[in-house]
>>> print(open('work04.csv').read())   # CSV, C-alpha atoms
chain,number,residue,atom,x,y,z
C,1,MET,CA,352.1,202.8,153.3
C,2,ALA,CA,354.2,204.3,156.1
C,3,ARG,CA,354.0,201.0,157.9
C,4,THR,CA,354.9,198.7,155.0
C,5,GLN,CA,357.0,201.1,152.9
C,6,ARG,CA,355.5,199.5,149.8
C,7,ALA,CA,352.6,200.8,147.8
C,8,SER,CA,351.9,197.3,146.4
C,9,SER,CA,351.7,195.8,149.9
C,10,THR,CA,349.4,198.6,151.0
C,11,ALA,CA,347.2,198.2,147.9
C,12,LYS,CA,346.9,194.4,148.5
C,13,HIS,CA,346.0,195.0,152.2
C,14,LEU,CA,343.3,197.5,151.2
C,15,GLY,CA,342.1,195.6,148.2
C,16,VAL,CA,342.8,198.3,145.6
C,17,ASP,CA,345.2,198.8,142.8
C,18,TYR,CA,348.7,200.2,143.3
C,19,THR,CA,347.8,203.1,141.1
C,20,THR,CA,345.0,204.0,143.5
C,21,ILE,CA,347.4,204.2,146.4
C,22,ALA,CA,349.9,206.3,144.5
C,23,ARG,CA,347.1,208.6,143.2
C,24,ARG,CA,345.7,209.1,146.7
C,25,VAL,CA,349.0,209.8,148.3
C,26,ARG,CA,349.9,212.3,145.6
C,27,ALA,CA,346.5,214.0,146.1
C,28,LEU,CA,347.0,214.2,149.9
C,29,GLU,CA,350.5,215.6,149.4
C,30,ASP,CA,349.0,218.2,147.0
C,31,ALA,CA,346.2,219.1,149.4
C,32,LEU,CA,348.7,219.5,152.3
C,33,GLY,CA,351.3,221.2,150.2
C,34,THR,CA,354.1,219.0,151.5
C,35,LEU,CA,355.9,215.8,150.6
C,36,LEU,CA,354.9,212.9,152.9
C,37,PHE,CA,357.2,210.2,151.5
C,38,ASP,CA,360.7,210.0,150.1
C,39,LYS,CA,360.5,207.4,147.3
C,40,SER,CA,363.3,205.1,146.4
C,41,ARG,CA,363.6,201.9,144.5
C,42,SER,CA,365.6,200.1,147.1
C,43,GLY,CA,364.0,201.6,150.3
C,44,GLY,CA,360.4,201.9,149.2
C,45,PHE,CA,358.4,204.8,150.5
C,46,LEU,CA,359.9,206.3,153.6
C,47,PRO,CA,358.0,208.9,155.5
C,48,THR,CA,359.5,212.4,155.5
C,49,ALA,CA,359.6,214.4,158.8
C,50,GLU,CA,356.1,215.8,157.8
C,51,GLY,CA,355.0,212.2,157.0
C,52,GLN,CA,356.1,211.1,160.4
C,53,ARG,CA,354.3,213.9,162.1
C,54,LEU,CA,351.1,213.1,160.2
C,55,LEU,CA,351.5,209.4,161.1
C,56,GLY,CA,351.5,210.3,164.8
C,57,PHE,CA,348.1,212.0,164.4
C,58,VAL,CA,346.8,209.1,162.3
C,59,ASP,CA,348.0,206.5,164.8
C,60,SER,CA,346.2,208.5,167.6
C,61,MET,CA,343.0,208.7,165.6
C,62,GLU,CA,343.2,205.0,164.8
C,63,THR,CA,343.7,204.1,168.5
C,64,THR,CA,340.7,206.3,169.5
C,65,VAL,CA,338.4,204.7,166.9
>>> encode(input="work04.csv", output="structure tokens")
Amino acid sequence: MARTQRASSTAKHLGVDYTTIARRVRALEDALGTLLFDKSRSGGFLPTAEGQRLLGFVDSMETTV
């Protein structure tokens, strides 16, 4: 979602419902105790500073795999 800024695009790419993406992001934010995305109707889902930090780790893991 950090790459597309849209939950619907992410859901389509992964073959799941939009609600699944929203629920999983919310669960991850709850587990980490931080907000990962700023949500806006016009801008979509924009990573917060913590979201950007996590994305760096995720990109590194993805490249390694």
>>> residues_around(input="work04.csv", residues="Leu54 (chain C)", least_positions_apart="6", cutoff="12 Å", atoms="only C-alpha atoms", output="PDB file with C-alpha atoms, in the coordinates of the input")
ATOM      1  CA  ALA C   2     354.200 204.300 156.100  1.00  0.00           C
ATOM      2  CA  LEU C  28     347.000 214.200 149.900  1.00  0.00           C
ATOM      3  CA  GLU C  29     350.500 215.600 149.400  1.00  0.00           C
ATOM      4  CA  LEU C  32     348.700 219.500 152.300  1.00  0.00           C
ATOM      5  CA  THR C  34     354.100 219.000 151.500  1.00  0.00           C
ATOM      6  CA  LEU C  35     355.900 215.800 150.600  1.00  0.00           C
ATOM      7  CA  LEU C  36     354.900 212.900 152.900  1.00  0.00           C
ATOM      8  CA  PHE C  37     357.200 210.200 151.500  1.00  0.00           C
ATOM      9  CA  PRO C  47     358.000 208.900 155.500  1.00  0.00           C
ATOM     10  CA  THR C  48     359.500 212.400 155.500  1.00  0.00           C
ATOM     11  CA  SER C  60     346.200 208.500 167.600  1.00  0.00           C
ATOM     12  CA  MET C  61     343.000 208.700 165.600  1.00  0.00           C
TER      13      MET C  61
END
>>> atom_distance(input="work04.csv", atom1="CA of Glu62 (chain C)", atom2="CA of Ser42 (chain C)")
29.0 Å
>>> residues_around(input="work04.csv", residues="Tyr18 (chain C)", least_positions_apart="5", cutoff="9 Å", atoms="only C-alpha atoms", output="NGL selection string")
:C and (7-12 or 23)
>>> closest_residue(input="work04.csv", among="C:Gly43, C:Met1, C:Thr64, C:His13", to="Val25 (chain C)", atoms="all atoms listed in the file")
C:Met1
>>> atom_distance(input="work04.csv", atom1="CA of Asp30 (chain C)", atom2="CA of Arg6 (chain C)")
20.0 Å
>>> axis_aligned_box(input="work04.csv", around="region 58-63 of chain C", padding_each_side="3 Å", output="JSON")
{"center_x": 345.5, "center_y": 206.6, "center_z": 165.4, "size_x": 11.0, "size_y": 11.0, "size_z": 12.2}
>>> atom_distance(input="work04.csv", atom1="CA of Phe57 (chain C)", atom2="CA of Arg3 (chain C)")
14.1 Å
>>> build_atoms(input="work04.csv", residues="region 45-62 of chain C", atoms="N, CA and C atoms", output="PDB file, in the coordinates of the input")
ATOM      1  N   PHE C  45     358.907 203.471 150.165  1.00  0.00           N
ATOM      2  CA  PHE C  45     358.400 204.800 150.500  1.00  0.00           C
ATOM      3  C   PHE C  45     358.655 205.031 151.991  1.00  0.00           C
ATOM      4  N   LEU C  46     359.555 205.959 152.247  1.00  0.00           N
ATOM      5  CA  LEU C  46     359.900 206.300 153.600  1.00  0.00           C
ATOM      6  C   LEU C  46     359.335 207.625 153.992  1.00  0.00           C
ATOM      7  N   PRO C  47     358.642 207.682 155.135  1.00  0.00           N
ATOM      8  CA  PRO C  47     358.000 208.900 155.500  1.00  0.00           C
ATOM      9  C   PRO C  47     359.048 210.046 155.747  1.00  0.00           C
ATOM     10  N   THR C  48     358.736 211.225 155.253  1.00  0.00           N
ATOM     11  CA  THR C  48     359.500 212.400 155.500  1.00  0.00           C
ATOM     12  C   THR C  48     359.240 212.849 156.959  1.00  0.00           C
ATOM     13  N   ALA C  49     359.866 213.911 157.418  1.00  0.00           N
ATOM     14  CA  ALA C  49     359.600 214.400 158.800  1.00  0.00           C
ATOM     15  C   ALA C  49     358.092 214.801 158.860  1.00  0.00           C
ATOM     16  N   GLU C  50     357.551 215.424 157.817  1.00  0.00           N
ATOM     17  CA  GLU C  50     356.100 215.800 157.800  1.00  0.00           C
ATOM     18  C   GLU C  50     355.253 214.514 157.778  1.00  0.00           C
ATOM     19  N   GLY C  51     355.700 213.514 157.043  1.00  0.00           N
ATOM     20  CA  GLY C  51     355.000 212.200 157.000  1.00  0.00           C
ATOM     21  C   GLY C  51     354.947 211.573 158.360  1.00  0.00           C
ATOM     22  N   GLN C  52     356.063 211.626 159.077  1.00  0.00           N
ATOM     23  CA  GLN C  52     356.100 211.100 160.400  1.00  0.00           C
ATOM     24  C   GLN C  52     355.189 211.816 161.363  1.00  0.00           C
ATOM     25  N   ARG C  53     355.171 213.118 161.220  1.00  0.00           N
ATOM     26  CA  ARG C  53     354.300 213.900 162.100  1.00  0.00           C
ATOM     27  C   ARG C  53     352.832 213.585 161.809  1.00  0.00           C
ATOM     28  N   LEU C  54     352.447 213.465 160.540  1.00  0.00           N
ATOM     29  CA  LEU C  54     351.100 213.100 160.200  1.00  0.00           C
ATOM     30  C   LEU C  54     350.768 211.686 160.710  1.00  0.00           C
ATOM     31  N   LEU C  55     351.724 210.773 160.602  1.00  0.00           N
ATOM     32  CA  LEU C  55     351.500 209.400 161.100  1.00  0.00           C
ATOM     33  C   LEU C  55     351.204 209.376 162.566  1.00  0.00           C
ATOM     34  N   GLY C  56     351.833 210.250 163.337  1.00  0.00           N
ATOM     35  CA  GLY C  56     351.500 210.300 164.800  1.00  0.00           C
ATOM     36  C   GLY C  56     350.069 210.676 165.003  1.00  0.00           C
ATOM     37  N   PHE C  57     349.545 211.634 164.243  1.00  0.00           N
ATOM     38  CA  PHE C  57     348.100 212.000 164.400  1.00  0.00           C
ATOM     39  C   PHE C  57     347.222 210.846 163.918  1.00  0.00           C
ATOM     40  N   VAL C  58     347.588 210.205 162.828  1.00  0.00           N
ATOM     41  CA  VAL C  58     346.800 209.100 162.300  1.00  0.00           C
ATOM     42  C   VAL C  58     346.764 207.929 163.279  1.00  0.00           C
ATOM     43  N   ASP C  59     347.909 207.599 163.853  1.00  0.00           N
ATOM     44  CA  ASP C  59     348.000 206.500 164.800  1.00  0.00           C
ATOM     45  C   ASP C  59     347.064 206.830 166.041  1.00  0.00           C
ATOM     46  N   SER C  60     347.088 208.075 166.480  1.00  0.00           N
ATOM     47  CA  SER C  60     346.200 208.500 167.600  1.00  0.00           C
ATOM     48  C   SER C  60     344.767 208.368 167.280  1.00  0.00           C
ATOM     49  N   MET C  61     344.388 208.799 166.068  1.00  0.00           N
ATOM     50  CA  MET C  61     343.000 208.700 165.600  1.00  0.00           C
ATOM     51  C   MET C  61     342.575 207.213 165.533  1.00  0.00           C
ATOM     52  N   GLU C  62     343.458 206.397 164.985  1.00  0.00           N
ATOM     53  CA  GLU C  62     343.200 205.000 164.800  1.00  0.00           C
ATOM     54  C   GLU C  62     342.957 204.308 166.170  1.00  0.00           C
TER      55      GLU C  62
END
